[in-house]
Protein chains: 2
Amino acid sequence: MSESPRRRIPEAALGRLPIYLRILVELGHENVAQASSEQLAELAGVNAAKVRKDLSYLGTYGTRGVGYEVQFLTVQIQRELGLNQAWPVVIVGAGNLGQAMANFTGIAERGFHIVGVVDKDESKIGTQVGGVSVTHVDSLTQLVQLHKVSIGIIATPAAHAQDAADSLVRAGIGSIMNFAPTILSVPRDVHVRKVDLALELQILSYYEDCRNGNLREVPTDGRIDPVSA
Amino acid sequence: MSESPRRRIPEAALGRLPIYLRILVELGHENVAQASSEQLAELAGVNAAKVRKDLSYLGTYGTRGVGYEVQFLTVQIQRELGLNQAWPVVIVGAGNLGQAMANFTGIAERGFHIVGVVDKDESKIGTQVGGVSVTHVDSLTQLVQLHKVSIGIIATPAAHAQDAADSLVRAGIGSIMNFAPTILSVPRDVHVRKVDLALELQILSYYEDCRNGNLREVPTDGRIDPVSA
DNA sequence: CGGACTTCGTGAAATCATGCACGAAGTAAT
DNA sequence: ATTACTTCGTGCATGATTTCACGAAGTCCG
């Protein structure tokens with residue numbers, strides 16, 4: 001595995017890399033030079049073997065008997081995630097969520113740059129949101145091409161999400177983060193990640209309902225009976 | 001219609017039930033009486049066999065040769081998810097995200113009720129957010145007990161998220177939705193779901209980087225070579 | 001009624017993810 | 001150099017999830 005280990009990283013592992021990255025950046029700020037998989041696992045709330053396996057997809061960057069170099073590993077993960085550039089991002093929908101995303105410091109801190117917020121509602125156009133002024137959705141293509149944007153965020157009501165997606169795709173975007181509770185249909189080569197806030201609450205509702213004695217055999221003990229119908 | 005054969009639903013399937021539910025509700029609004037697993041799969045963007053298996057965890061509610069009754073199945077999923085009651089919810093943090101969540105209609109539409117928003121910043125206290133006025137975080141316990149709240153949302157900066165979690169746990173909450181990019185430490189019986197917005201963007205960044213032909217060589221010596229296409 | 005057709009429910013195979021356990025490779029100290 | 005100790009990398013077993021494929025159970029129609 002010396003030359004070109006550009007194997008694809010499994011989804012599950014990929015989803016944890018940003019977590020390790022955040023932890024490493026924090027450790028760096030505290031001037032910690034090295035960290036073992038054990039320590040990282042502790043901070044990430046996972047198993048140490050998992051940390052090692054996840055990191056092994058990037059290459060063999062650890063030192064046995066010592067651990068990982070914080071600075072070095074930070075850079076490797078950033079590079080792997082494509083974070084050695086500032087990605088320009090557009091937001092479609094200047095409602096509460098769109099505004100929240102535009103103002104979200106965590107996004108800017110991690111190297112994403114909101115270059116535009118568009119909406120179809122005339123009353124919102126011209127208002128300042130997160131340092132940019134809202135423009136009409138018709139300006140999307142222009143915006144995308146001008147700033148070479150490849151990531152779009154859909155923060156519209158569900159009813160307009162597919163329209164928003166179509167506009168983004170037409171404008172030439174390659175990846176979409178979708179907050180609307182809708183299954184978008186997009187060309188195969190466009191990547192969509194959905195974030196469904198109500199869905200998350202509904203899952204919590206399930207667990208709360210379980211806890212409240214509405215019995216469903218919770219997973220605390222391990223063994224499950226094959227109950228017949 | 002045997003007595004509830006409530007075996008535990010696998011996480012993966014549980015995560016899709018809210019999607020089926022949304023689709024069924026929509027179909028109901030369009031006065032569609034029945035739907036096959038094929039149709040549901042199409043609308044949910046998944047495989048038909050998966051739909052059937054997922055639904056089979058609830059019981060055998062389909063009719064062979066016909067499909068599923070939309071109204072009936074809707075109710076069954078709601079019941080399974082514990083959505084036959086309106087869950088009161090508190091939000092900790094009245095920043096952009098907290099406000100967006102408080103105002104988010106999708107949440108109210110699905111039977112969740114924001115009964116309070118708290119913050120530690122004096123300047124925010126008293127302001128109206130999503131129909132309630134922001135109170136001090138010290139009033140959390142009172143709020144939780146008064147409204148019998150069991151679900152809390154953390155929308156604070158990362159630095160205060162653990163404090164927020166501690167307060168919620170002390171107040172007696174059982175489930176937490178955490179927007180802060182932090183691993184919370186909570187008692188074992190408290191359920192946490194994290195929603196990490198920057199993380200999602202970082203994953204999109206990875207795929208965009210792949211798409212851009214950035215076939216990253218992984219040098220074992222640590223040299224970083226910014227390969228451009 | 002019977003045969004053609006539809007669609008569910010589910011065992012079994014295939015795929016993916018996790019966690020253990022151990023050898024390999026390093027450090028530290030004598 | 002040797003011994004003791006640490007910690008990585010990974011093969012392998014186990015578990016979870018997805019997908020396939022097919023029998024079972026229903027509808028429809030002549």
# chains A, B, ... in the order shown; residues from 1 in each chain; ligands from 1
call {"tool": "closest_atom_pairs", "arguments": {"of": "chain B", "to": "chain A", "cutoff": "6 Å", "atoms": "only C-alpha atoms", "output": "Markdown table"}}
result
| residue | atom | partner | partner_atom | distance |
| --- | --- | --- | --- | --- |
| B:Arg6 | CA | A:Arg216 | CA | 4.7 |
| B:Arg7 | CA | A:Arg216 | CA | 5.6 |
| B:Pro18 | CA | A:Leu199 | CA | 5.7 |
| B:Leu81 | CA | A:Tyr206 | CA | 4.3 |
| B:Gly82 | CA | A:Tyr206 | CA | 5.3 |
| B:Asn96 | CA | A:Ala100 | CA | 4.7 |
| B:Leu97 | CA | A:Ala100 | CA | 5.4 |
| B:Ala100 | CA | A:Asn96 | CA | 4.7 |
| B:Ile107 | CA | A:Ala198 | CA | 5.5 |
| B:Ala198 | CA | A:Ile107 | CA | 5.5 |
| B:Leu199 | CA | A:Pro18 | CA | 5.7 |
| B:Ser205 | CA | A:Gly82 | CA | 5.8 |
| B:Tyr206 | CA | A:Leu81 | CA | 4.3 |
| B:Asp209 | CA | A:Gly82 | CA | 5.3 |
| B:Glu217 | CA | A:Ser4 | CA | 5.6 |
call {"tool": "residues_around", "arguments": {"residues": "DA14 of chain C", "least_positions_apart": "4", "cutoff": "10 Å", "atoms": "only C-alpha atoms (C1' of nucleotides)", "output": "list in words"}}
result
DT18, DT19 and DC20 of chain D
call {"tool": "calpha_fit_and_write", "arguments": {"fixed": "chain A", "moving": "chain B", "output": "tab-separated table (two decimals) with C-alpha atoms, in the first residue's frame"}}
result
chain	number	residue	atom	x	y	z
B	1	MET	CA	6.20	10.85	1.52
B	2	SER	CA	5.73	8.81	-1.53
B	3	GLU	CA	3.61	10.24	-4.28
B	4	SER	CA	-0.02	10.35	-3.15
B	5	PRO	CA	-1.11	6.76	-2.67
B	6	ARG	CA	-4.67	7.95	-2.87
B	7	ARG	CA	-6.77	4.91	-2.63
B	8	ARG	CA	-10.38	5.41	-1.83
B	9	ILE	CA	-11.17	5.91	1.82
B	10	PRO	CA	-14.05	3.80	3.16
B	11	GLU	CA	-17.16	5.79	3.99
B	12	ALA	CA	-17.02	4.86	7.63
B	13	ALA	CA	-13.46	6.07	8.03
B	14	LEU	CA	-14.17	9.20	5.99
B	15	GLY	CA	-16.91	10.11	8.42
B	16	ARG	CA	-14.42	10.14	11.24
B	17	LEU	CA	-11.66	12.15	9.63
B	18	PRO	CA	-13.39	15.48	10.36
B	19	ILE	CA	-13.58	14.44	14.00
B	20	TYR	CA	-9.89	13.68	14.20
B	21	LEU	CA	-9.24	16.91	12.38
B	22	ARG	CA	-11.17	18.94	14.92
B	23	ILE	CA	-9.35	17.26	17.76
B	24	LEU	CA	-5.98	17.85	16.16
B	25	VAL	CA	-6.74	21.50	15.59
B	26	GLU	CA	-7.71	21.85	19.23
B	27	LEU	CA	-4.55	20.09	20.35
B	28	GLY	CA	-2.58	22.39	18.12
B	29	HIS	CA	-4.12	25.40	19.81
B	30	GLU	CA	-3.00	23.97	23.12
B	31	ASN	CA	0.50	23.64	21.71
B	32	VAL	CA	0.48	19.88	21.94
B	33	ALA	CA	3.08	18.63	19.49
B	34	GLN	CA	2.37	14.93	19.41
B	35	ALA	CA	-0.49	12.59	20.14
B	36	SER	CA	-0.79	8.83	20.25
B	37	SER	CA	-3.63	6.87	18.74
B	38	GLU	CA	-4.66	6.12	22.30
B	39	GLN	CA	-5.05	9.80	23.14
B	40	LEU	CA	-6.84	10.60	19.91
B	41	ALA	CA	-9.14	7.66	20.46
B	42	GLU	CA	-9.97	8.88	23.93
B	43	LEU	CA	-10.82	12.34	22.63
B	44	ALA	CA	-12.78	11.04	19.68
B	45	GLY	CA	-14.68	8.51	21.73
B	46	VAL	CA	-13.55	5.54	19.68
B	47	ASN	CA	-11.18	2.60	19.81
B	48	ALA	CA	-7.44	3.20	19.33
B	49	ALA	CA	-7.08	0.53	16.68
B	50	LYS	CA	-9.77	2.26	14.68
B	51	VAL	CA	-7.91	5.54	14.84
B	52	ARG	CA	-4.77	3.88	13.54
B	53	LYS	CA	-6.59	2.09	10.76
B	54	ASP	CA	-8.45	5.21	9.75
B	55	LEU	CA	-5.25	7.23	9.63
B	56	SER	CA	-3.47	4.49	7.74
B	57	TYR	CA	-5.72	5.19	4.76
B	58	LEU	CA	-3.99	8.55	4.42
B	59	GLY	CA	-0.50	7.12	4.47
B	60	THR	CA	1.95	6.05	7.13
B	61	TYR	CA	2.25	9.25	9.03
B	62	GLY	CA	2.80	7.92	12.53
B	63	THR	CA	6.06	7.24	14.30
B	64	ARG	CA	6.22	4.01	16.24
B	65	GLY	CA	6.98	4.49	19.87
B	66	VAL	CA	5.95	8.14	19.63
B	67	GLY	CA	2.63	8.76	17.97
B	68	TYR	CA	1.54	11.31	15.41
B	69	GLU	CA	2.78	14.85	14.92
B	70	VAL	CA	-0.20	17.07	15.50
B	71	GLN	CA	0.64	19.82	13.02
B	72	PHE	CA	1.70	17.48	10.29
B	73	LEU	CA	-1.29	15.21	10.62
B	74	THR	CA	-3.62	18.18	10.71
B	75	VAL	CA	-2.37	19.28	7.34
B	76	GLN	CA	-2.58	15.81	5.89
B	77	ILE	CA	-6.19	15.35	6.88
B	78	GLN	CA	-7.08	18.78	5.59
B	79	ARG	CA	-5.44	18.00	2.31
B	80	GLU	CA	-7.17	14.66	2.06
B	81	LEU	CA	-10.56	16.24	2.70
B	82	GLY	CA	-9.90	18.95	0.17
B	83	LEU	CA	-9.91	21.61	2.85
B	84	ASN	CA	-6.86	23.47	1.65
B	85	GLN	CA	-9.18	25.75	-0.23
B	86	ALA	CA	-12.15	27.82	0.92
B	87	TRP	CA	-15.25	26.25	-0.56
B	88	PRO	CA	-17.96	28.67	-1.60
B	89	VAL	CA	-21.45	27.51	-0.62
B	90	VAL	CA	-24.96	28.63	-1.52
B	91	ILE	CA	-28.02	28.11	0.61
B	92	VAL	CA	-31.47	27.61	-0.89
B	93	GLY	CA	-34.16	28.63	1.55
B	94	ALA	CA	-33.92	31.57	3.91
B	95	GLY	CA	-36.17	30.18	6.61
B	96	ASN	CA	-35.06	29.40	10.13
B	97	LEU	CA	-32.70	26.67	9.12
B	98	GLY	CA	-31.22	28.53	6.18
B	99	GLN	CA	-30.58	31.52	8.39
B	100	ALA	CA	-29.08	29.37	11.12
B	101	MET	CA	-26.72	27.77	8.63
B	102	ALA	CA	-25.76	31.11	7.14
B	103	ASN	CA	-24.94	32.46	10.58
B	104	PHE	CA	-23.29	29.34	11.87
B	105	THR	CA	-19.75	30.25	12.81
B	106	GLY	CA	-18.59	26.65	12.85
B	107	ILE	CA	-19.01	26.58	9.11
B	108	ALA	CA	-16.96	29.66	8.40
B	109	GLU	CA	-14.32	28.53	10.89
B	110	ARG	CA	-13.81	25.35	8.91
B	111	GLY	CA	-13.17	27.10	5.67
B	112	PHE	CA	-16.58	27.26	4.07
B	113	HIS	CA	-17.83	30.56	2.77
B	114	ILE	CA	-21.49	31.34	2.31
B	115	VAL	CA	-21.60	33.35	-0.90
B	116	GLY	CA	-25.35	33.48	-1.30
B	117	VAL	CA	-28.73	32.72	0.15
B	118	VAL	CA	-31.67	32.45	-2.21
B	119	ASP	CA	-35.38	32.09	-1.63
B	120	LYS	CA	-38.50	32.22	-3.72
B	121	ASP	CA	-40.47	34.23	-1.21
B	122	GLU	CA	-40.42	37.88	-2.31
B	123	SER	CA	-40.80	39.11	1.23
B	124	LYS	CA	-37.46	37.63	2.22
B	125	ILE	CA	-35.53	38.98	-0.70
B	126	GLY	CA	-33.18	41.77	0.25
B	127	THR	CA	-33.02	40.86	3.91
B	128	GLN	CA	-29.56	40.37	5.35
B	129	VAL	CA	-28.67	36.87	6.43
B	130	GLY	CA	-25.24	35.94	7.71
B	131	GLY	CA	-23.51	38.76	5.92
B	132	VAL	CA	-25.15	38.36	2.54
B	133	SER	CA	-28.47	39.59	1.29
B	134	VAL	CA	-31.08	37.13	0.17
B	135	THR	CA	-31.68	37.05	-3.57
B	136	HIS	CA	-34.30	35.40	-5.71
B	137	VAL	CA	-33.87	31.78	-6.59
B	138	ASP	CA	-33.68	32.78	-10.24
B	139	SER	CA	-30.30	34.31	-9.57
B	140	LEU	CA	-28.94	30.95	-8.51
B	141	THR	CA	-27.21	30.06	-11.75
B	142	GLN	CA	-25.58	33.44	-11.94
B	143	LEU	CA	-24.45	33.20	-8.33
B	144	VAL	CA	-23.06	29.72	-8.78
B	145	GLN	CA	-21.14	30.60	-11.87
B	146	LEU	CA	-19.85	33.89	-10.55
B	147	HIS	CA	-18.40	32.35	-7.40
B	148	LYS	CA	-17.65	28.94	-8.88
B	149	VAL	CA	-19.81	27.31	-6.25
B	150	SER	CA	-19.94	23.55	-6.16
B	151	ILE	CA	-21.70	22.91	-2.85
B	152	GLY	CA	-25.32	23.77	-2.17
B	153	ILE	CA	-27.45	23.50	0.93
B	154	ILE	CA	-31.17	22.84	0.68
B	155	ALA	CA	-33.05	24.33	3.61
B	156	THR	CA	-36.48	24.64	2.05
B	157	PRO	CA	-39.73	22.99	3.07
B	158	ALA	CA	-39.95	19.41	1.87
B	159	ALA	CA	-42.44	20.35	-0.83
B	160	HIS	CA	-39.90	22.52	-2.62
B	161	ALA	CA	-36.77	20.49	-2.01
B	162	GLN	CA	-36.83	18.69	-5.35
B	163	ASP	CA	-37.26	21.99	-7.16
B	164	ALA	CA	-34.35	23.37	-5.21
B	165	ALA	CA	-32.25	20.36	-6.11
B	166	ASP	CA	-33.16	20.71	-9.78
B	167	SER	CA	-32.19	24.36	-9.71
B	168	LEU	CA	-28.89	23.58	-8.03
B	169	VAL	CA	-28.11	20.84	-10.51
B	170	ARG	CA	-29.04	23.06	-13.43
B	171	ALA	CA	-26.79	25.74	-12.04
B	172	GLY	CA	-23.96	23.26	-12.11
B	173	ILE	CA	-23.52	22.31	-8.48
B	174	GLY	CA	-21.81	19.00	-7.68
B	175	SER	CA	-22.71	18.31	-4.06
B	176	ILE	CA	-25.81	18.92	-2.00
B	177	MET	CA	-26.51	18.91	1.70
B	178	ASN	CA	-30.21	18.31	2.08
B	179	PHE	CA	-32.12	19.23	5.22
B	180	ALA	CA	-35.51	18.54	3.75
B	181	PRO	CA	-37.02	15.17	4.63
B	182	THR	CA	-37.24	14.08	1.02
B	183	ILE	CA	-35.38	11.67	-1.18
B	184	LEU	CA	-33.94	13.84	-3.92
B	185	SER	CA	-33.52	12.55	-7.38
B	186	VAL	CA	-30.38	13.91	-8.97
B	187	PRO	CA	-27.96	12.85	-11.70
B	188	ARG	CA	-25.66	10.05	-10.69
B	189	ASP	CA	-22.61	12.27	-10.48
B	190	VAL	CA	-24.12	14.67	-7.98
B	191	HIS	CA	-23.40	13.84	-4.38
B	192	VAL	CA	-26.14	14.25	-1.81
B	193	ARG	CA	-25.88	14.04	1.95
B	194	LYS	CA	-29.07	14.24	3.85
B	195	VAL	CA	-29.47	15.55	7.36
B	196	ASP	CA	-32.87	14.66	8.70
B	197	LEU	CA	-33.41	16.37	12.02
B	198	ALA	CA	-36.79	14.84	12.80
B	199	LEU	CA	-35.38	11.42	12.00
B	200	GLU	CA	-32.74	11.81	14.66
B	201	LEU	CA	-35.35	12.66	17.23
B	202	GLN	CA	-37.44	9.70	16.20
B	203	ILE	CA	-34.51	7.42	16.81
B	204	LEU	CA	-34.02	8.92	20.24
B	205	SER	CA	-37.69	8.31	20.81
B	206	TYR	CA	-37.14	4.63	20.08
B	207	TYR	CA	-34.38	4.34	22.63
B	208	GLU	CA	-36.33	6.29	25.21
B	209	ASP	CA	-39.27	4.03	24.68
B	210	CYS	CA	-37.05	0.99	25.15
B	211	ARG	CA	-35.55	2.45	28.29
B	212	ASN	CA	-38.97	3.12	29.72
B	213	GLY	CA	-39.47	-0.58	29.94
B	214	ASN	CA	-42.06	-0.46	27.21
B	215	LEU	CA	-41.46	-4.03	26.28
B	216	ARG	CA	-43.76	-3.92	23.34
B	217	GLU	CA	-45.40	-7.16	22.47
B	218	VAL	CA	-46.02	-7.42	18.82
B	219	PRO	CA	-49.49	-8.78	18.32
B	220	THR	CA	-49.97	-10.49	15.00
B	221	ASP	CA	-53.64	-9.70	14.95
B	222	GLY	CA	-53.17	-5.96	14.92
B	223	ARG	CA	-54.47	-5.16	18.37
B	224	ILE	CA	-52.56	-2.38	19.93
B	225	ASP	CA	-52.22	-2.50	23.63
B	226	PRO	CA	-50.79	0.60	25.25
B	227	VAL	CA	-48.68	-1.05	27.89
B	228	SER	CA	-47.67	1.28	30.66
B	229	ALA	CA	-45.08	0.52	33.21
call {"tool": "closest_residue", "arguments": {"among": "D:DT3, D:DT10, D:DT27, D:DT17", "to": "chain A", "atoms": "only C-alpha atoms (C1' of nucleotides)"}}
result
D:DT10
call {"tool": "closest_atom_pairs", "arguments": {"of": "chain C", "to": "chain B", "cutoff": "10 Å", "atoms": "only C-alpha atoms (C1' of nucleotides)", "output": "JSON lines"}}
result
{"residue": "C:DC5", "atom": "C1'", "partner": "B:Gly65", "partner_atom": "CA", "distance": 8.6}
{"residue": "C:DT6", "atom": "C1'", "partner": "B:Gly65", "partner_atom": "CA", "distance": 4.5}
{"residue": "C:DT7", "atom": "C1'", "partner": "B:Gly65", "partner_atom": "CA", "distance": 4.1}
{"residue": "C:DC8", "atom": "C1'", "partner": "B:Arg64", "partner_atom": "CA", "distance": 4.4}
{"residue": "C:DG9", "atom": "C1'", "partner": "B:Ser56", "partner_atom": "CA", "distance": 7.4}
{"residue": "C:DT10", "atom": "C1'", "partner": "B:Lys53", "partner_atom": "CA", "distance": 8.2}
call {"tool": "write_last_selection", "arguments": {"atoms": "N, CA and C atoms (P, O5', C5', C4', C3', O3' and C1' of nucleotides)", "output": "PDB file, in the first residue's frame"}}
result
ATOM      1  P    DC C   5     -50.884 -13.658 -16.949  1.00  0.00           P
ATOM      2  O5'  DC C   5     -51.005 -12.706 -15.682  1.00  0.00           O
ATOM      3  C5'  DC C   5     -52.205 -11.945 -15.504  1.00  0.00           C
ATOM      4  C4'  DC C   5     -52.150 -11.226 -14.168  1.00  0.00           C
ATOM      5  C3'  DC C   5     -50.774 -10.685 -13.794  1.00  0.00           C
ATOM      6  O3'  DC C   5     -50.893  -9.307 -13.483  1.00  0.00           O
ATOM      7  C1'  DC C   5     -51.739 -11.839 -11.978  1.00  0.00           C
ATOM      8  P    DT C   6     -49.574  -8.425 -13.266  1.00  0.00           P
ATOM      9  O5'  DT C   6     -49.750  -8.021 -11.748  1.00  0.00           O
ATOM     10  C5'  DT C   6     -50.962  -7.407 -11.327  1.00  0.00           C
ATOM     11  C4'  DT C   6     -50.997  -7.399  -9.812  1.00  0.00           C
ATOM     12  C3'  DT C   6     -49.771  -6.744  -9.166  1.00  0.00           C
ATOM     13  O3'  DT C   6     -50.229  -5.718  -8.321  1.00  0.00           O
ATOM     14  C1'  DT C   6     -50.235  -8.843  -8.165  1.00  0.00           C
ATOM     15  P    DT C   7     -49.256  -4.581  -7.817  1.00  0.00           P
ATOM     16  O5'  DT C   7     -48.819  -5.160  -6.420  1.00  0.00           O
ATOM     17  C5'  DT C   7     -49.801  -5.357  -5.420  1.00  0.00           C
ATOM     18  C4'  DT C   7     -49.185  -6.095  -4.267  1.00  0.00           C
ATOM     19  C3'  DT C   7     -47.806  -5.576  -3.833  1.00  0.00           C
ATOM     20  O3'  DT C   7     -47.847  -5.348  -2.446  1.00  0.00           O
ATOM     21  C1'  DT C   7     -47.796  -7.902  -4.031  1.00  0.00           C
ATOM     22  P    DC C   8     -46.615  -4.721  -1.634  1.00  0.00           P
ATOM     23  O5'  DC C   8     -46.669  -5.650  -0.354  1.00  0.00           O
ATOM     24  C5'  DC C   8     -47.922  -5.875   0.274  1.00  0.00           C
ATOM     25  C4'  DC C   8     -47.908  -7.204   1.013  1.00  0.00           C
ATOM     26  C3'  DC C   8     -46.862  -7.278   2.119  1.00  0.00           C
ATOM     27  O3'  DC C   8     -47.471  -7.749   3.304  1.00  0.00           O
ATOM     28  C1'  DC C   8     -46.570  -9.070   0.574  1.00  0.00           C
ATOM     29  P    DG C   9     -46.713  -7.512   4.686  1.00  0.00           P
ATOM     30  O5'  DG C   9     -45.861  -8.846   4.797  1.00  0.00           O
ATOM     31  C5'  DG C   9     -46.542 -10.067   4.997  1.00  0.00           C
ATOM     32  C4'  DG C   9     -45.537 -11.190   5.162  1.00  0.00           C
ATOM     33  C3'  DG C   9     -44.428 -10.913   6.183  1.00  0.00           C
ATOM     34  O3'  DG C   9     -44.249 -12.115   6.914  1.00  0.00           O
ATOM     35  C1'  DG C   9     -43.478 -11.399   4.066  1.00  0.00           C
ATOM     36  P    DT C  10     -43.182 -12.217   8.085  1.00  0.00           P
ATOM     37  O5'  DT C  10     -41.976 -12.952   7.363  1.00  0.00           O
ATOM     38  C5'  DT C  10     -42.187 -14.196   6.725  1.00  0.00           C
ATOM     39  C4'  DT C  10     -40.871 -14.663   6.138  1.00  0.00           C
ATOM     40  C3'  DT C  10     -39.642 -14.362   7.002  1.00  0.00           C
ATOM     41  O3'  DT C  10     -38.749 -15.444   6.879  1.00  0.00           O
ATOM     42  C1'  DT C  10     -39.306 -13.513   4.885  1.00  0.00           C
TER      43       DT C  10
END
call {"tool": "select_by_dssp", "arguments": {"residues": "segment 12-227 of chain B", "states": "alpha helix (DSSP H)", "output": "number ranges by chain"}}
result
B: 12-14, 17-29, 37-44, 48-56, 70-81, 96-103, 105-109, 140-147, 158-171, 197-211
call {"tool": "write_last_selection", "arguments": {"atoms": "C-alpha atoms", "output": "CSV table (one decimal), in the first residue's frame"}}
result
chain,number,residue,atom,x,y,z
B,12,ALA,CA,-31.4,1.7,10.4
B,13,ALA,CA,-35.1,0.9,9.9
B,14,LEU,CA,-36.1,3.3,12.6
B,17,LEU,CA,-40.0,5.2,9.5
B,18,PRO,CA,-40.3,9.0,9.7
B,19,ILE,CA,-39.7,9.2,5.9
B,20,TYR,CA,-42.4,6.6,5.2
B,21,LEU,CA,-44.7,8.5,7.6
B,22,ARG,CA,-44.2,11.7,5.8
B,23,ILE,CA,-45.0,10.1,2.5
B,24,LEU,CA,-48.0,8.4,3.8
B,25,VAL,CA,-49.4,11.6,5.2
B,26,GLU,CA,-48.9,13.3,1.9
B,27,LEU,CA,-50.6,10.4,0.1
B,28,GLY,CA,-53.4,10.7,2.6
B,29,HIS,CA,-53.8,14.4,1.7
B,37,SER,CA,-44.2,-1.2,-1.3
B,38,GLU,CA,-43.0,-0.4,-4.9
B,39,GLN,CA,-44.7,3.0,-4.8
B,40,LEU,CA,-43.5,3.8,-1.3
B,41,ALA,CA,-40.0,2.8,-2.3
B,42,GLU,CA,-40.1,5.1,-5.3
B,43,LEU,CA,-41.2,8.0,-3.2
B,44,ALA,CA,-38.8,7.3,-0.4
B,48,ALA,CA,-39.0,-2.0,-2.3
B,49,ALA,CA,-37.8,-5.0,-0.4
B,50,LYS,CA,-36.4,-2.6,2.2
B,51,VAL,CA,-39.7,-0.9,2.6
B,52,ARG,CA,-41.4,-4.2,3.2
B,53,LYS,CA,-38.8,-5.4,5.7
B,54,ASP,CA,-38.9,-2.1,7.5
B,55,LEU,CA,-42.7,-2.2,7.7
B,56,SER,CA,-42.6,-5.8,8.8
B,70,VAL,CA,-52.5,4.5,3.7
B,71,GLN,CA,-54.6,5.7,6.6
B,72,PHE,CA,-54.1,2.6,8.6
B,73,LEU,CA,-50.4,2.4,8.1
B,74,THR,CA,-50.0,6.1,8.9
B,75,VAL,CA,-51.6,5.5,12.3
B,76,GLN,CA,-49.4,2.5,13.0
B,77,ILE,CA,-46.2,4.3,12.3
B,78,GLN,CA,-47.3,7.2,14.4
B,79,ARG,CA,-48.1,4.9,17.2
B,80,GLU,CA,-44.8,3.1,16.9
B,81,LEU,CA,-42.9,6.3,17.0
B,96,ASN,CA,-29.7,31.8,15.1
B,97,LEU,CA,-30.1,28.1,15.3
B,98,GLY,CA,-32.3,28.1,18.4
B,99,GLN,CA,-34.5,30.7,16.8
B,100,ALA,CA,-34.7,28.9,13.5
B,101,MET,CA,-35.7,25.7,15.4
B,102,ALA,CA,-38.3,27.5,17.4
B,103,ASN,CA,-39.8,29.0,14.3
B,105,THR,CA,-43.1,25.0,11.2
B,106,GLY,CA,-42.1,21.5,10.2
B,107,ILE,CA,-41.6,20.7,13.9
B,108,ALA,CA,-44.9,22.0,15.0
B,109,GLU,CA,-46.6,20.3,12.1
B,140,LEU,CA,-35.0,25.4,32.9
B,141,THR,CA,-35.8,23.0,35.7
B,142,GLN,CA,-39.0,24.8,36.5
B,143,LEU,CA,-40.0,24.9,32.8
B,144,VAL,CA,-39.3,21.2,32.3
B,145,GLN,CA,-41.2,20.1,35.3
B,146,LEU,CA,-44.1,22.4,34.6
B,147,HIS,CA,-44.6,21.2,31.1
B,158,ALA,CA,-19.9,24.3,21.4
B,159,ALA,CA,-18.2,25.8,24.5
B,160,HIS,CA,-21.4,25.8,26.5
B,161,ALA,CA,-23.0,22.6,25.1
B,162,GLN,CA,-21.8,20.4,28.0
B,163,ASP,CA,-23.2,22.9,30.5
B,164,ALA,CA,-26.5,22.9,28.6
B,165,ALA,CA,-26.6,19.1,28.6
B,166,ASP,CA,-25.9,19.0,32.3
B,167,SER,CA,-28.6,21.5,33.0
B,168,LEU,CA,-31.1,19.5,30.8
B,169,VAL,CA,-30.1,16.2,32.6
B,170,ARG,CA,-30.5,17.9,36.0
B,171,ALA,CA,-33.9,19.2,35.0
B,197,LEU,CA,-24.1,20.8,10.3
B,198,ALA,CA,-20.4,21.5,9.5
B,199,LEU,CA,-19.7,17.8,9.4
B,200,GLU,CA,-22.2,17.4,6.6
B,201,LEU,CA,-20.6,20.1,4.6
B,202,GLN,CA,-17.2,18.5,5.2
B,203,ILE,CA,-18.4,15.3,3.8
B,204,LEU,CA,-19.8,17.0,0.7
B,205,SER,CA,-16.4,18.6,0.4
B,206,TYR,CA,-14.8,15.2,0.2
B,207,TYR,CA,-17.1,14.1,-2.6
B,208,GLU,CA,-16.6,17.3,-4.4
B,209,ASP,CA,-12.9,16.9,-4.1
B,210,CYS,CA,-13.1,13.4,-5.5
B,211,ARG,CA,-15.3,14.5,-8.4
call {"tool": "select_by_dssp", "arguments": {"residues": "segment 81-132 of chain A", "states": "strand (DSSP E)", "output": "ChimeraX atom specification"}}
result
/A:87-92,112-119,128-129,132
call {"tool": "interface_residues", "arguments": {"of": "chain D", "to": "chain A", "cutoff": "6 Å", "atoms": "only C-alpha atoms (C1' of nucleotides)", "output": "list of chain:residue names"}}
result
D:DT6, D:DT7, D:DC8
call {"tool": "atom_distance", "arguments": {"atom1": "atom C1' of DG2 of chain C", "atom2": "atom C1' of DA25 of chain D"}}
result
15.7 Å
call {"tool": "residues_around", "arguments": {"residues": "DA21 of chain D", "least_positions_apart": "2", "cutoff": "10 Å", "atoms": "only C-alpha atoms (C1' of nucleotides)", "output": "short mmCIF file (atom, residue, chain, number, x, y, z; two decimals) with N, CA and C atoms (P, O5', C5', C4', C3', O3' and C1' of nucleotides), in the first residue's frame"}}
result
data_model
loop_
_atom_site.label_atom_id
_atom_site.label_comp_id
_atom_site.auth_asym_id
_atom_site.auth_seq_id
_atom_site.Cartn_x
_atom_site.Cartn_y
_atom_site.Cartn_z
P DG C 11 -38.21 -16.13 8.21
"O5'" DG C 11 -37.18 -17.19 7.62
"C5'" DG C 11 -37.65 -18.29 6.85
"C4'" DG C 11 -36.66 -18.58 5.75
"C3'" DG C 11 -35.23 -18.77 6.21
"O3'" DG C 11 -34.67 -19.85 5.47
"C1'" DG C 11 -35.33 -16.98 4.64
P DA C 12 -33.21 -20.39 5.79
"O5'" DA C 12 -32.34 -19.70 4.66
"C5'" DA C 12 -32.83 -19.65 3.32
"C4'" DA C 12 -31.80 -18.95 2.47
"C3'" DA C 12 -30.37 -19.09 2.98
"O3'" DA C 12 -29.51 -19.19 1.86
"C1'" DA C 12 -30.94 -16.81 2.87
P DT D 19 -29.86 -1.93 -0.80
"O5'" DT D 19 -30.05 -3.37 -1.45
"C5'" DT D 19 -28.90 -4.12 -1.79
"C4'" DT D 19 -29.32 -5.51 -2.20
"C3'" DT D 19 -30.54 -5.56 -3.13
"O3'" DT D 19 -30.12 -6.15 -4.36
"C1'" DT D 19 -30.70 -7.18 -1.40
P DG D 23 -40.94 -21.06 -4.90
"O5'" DG D 23 -41.86 -21.48 -3.68
"C5'" DG D 23 -41.29 -21.60 -2.37
"C4'" DG D 23 -42.24 -21.00 -1.36
"C3'" DG D 23 -43.68 -21.44 -1.53
"O3'" DG D 23 -44.26 -21.59 -0.24
"C1'" DG D 23 -43.56 -19.10 -1.72
#
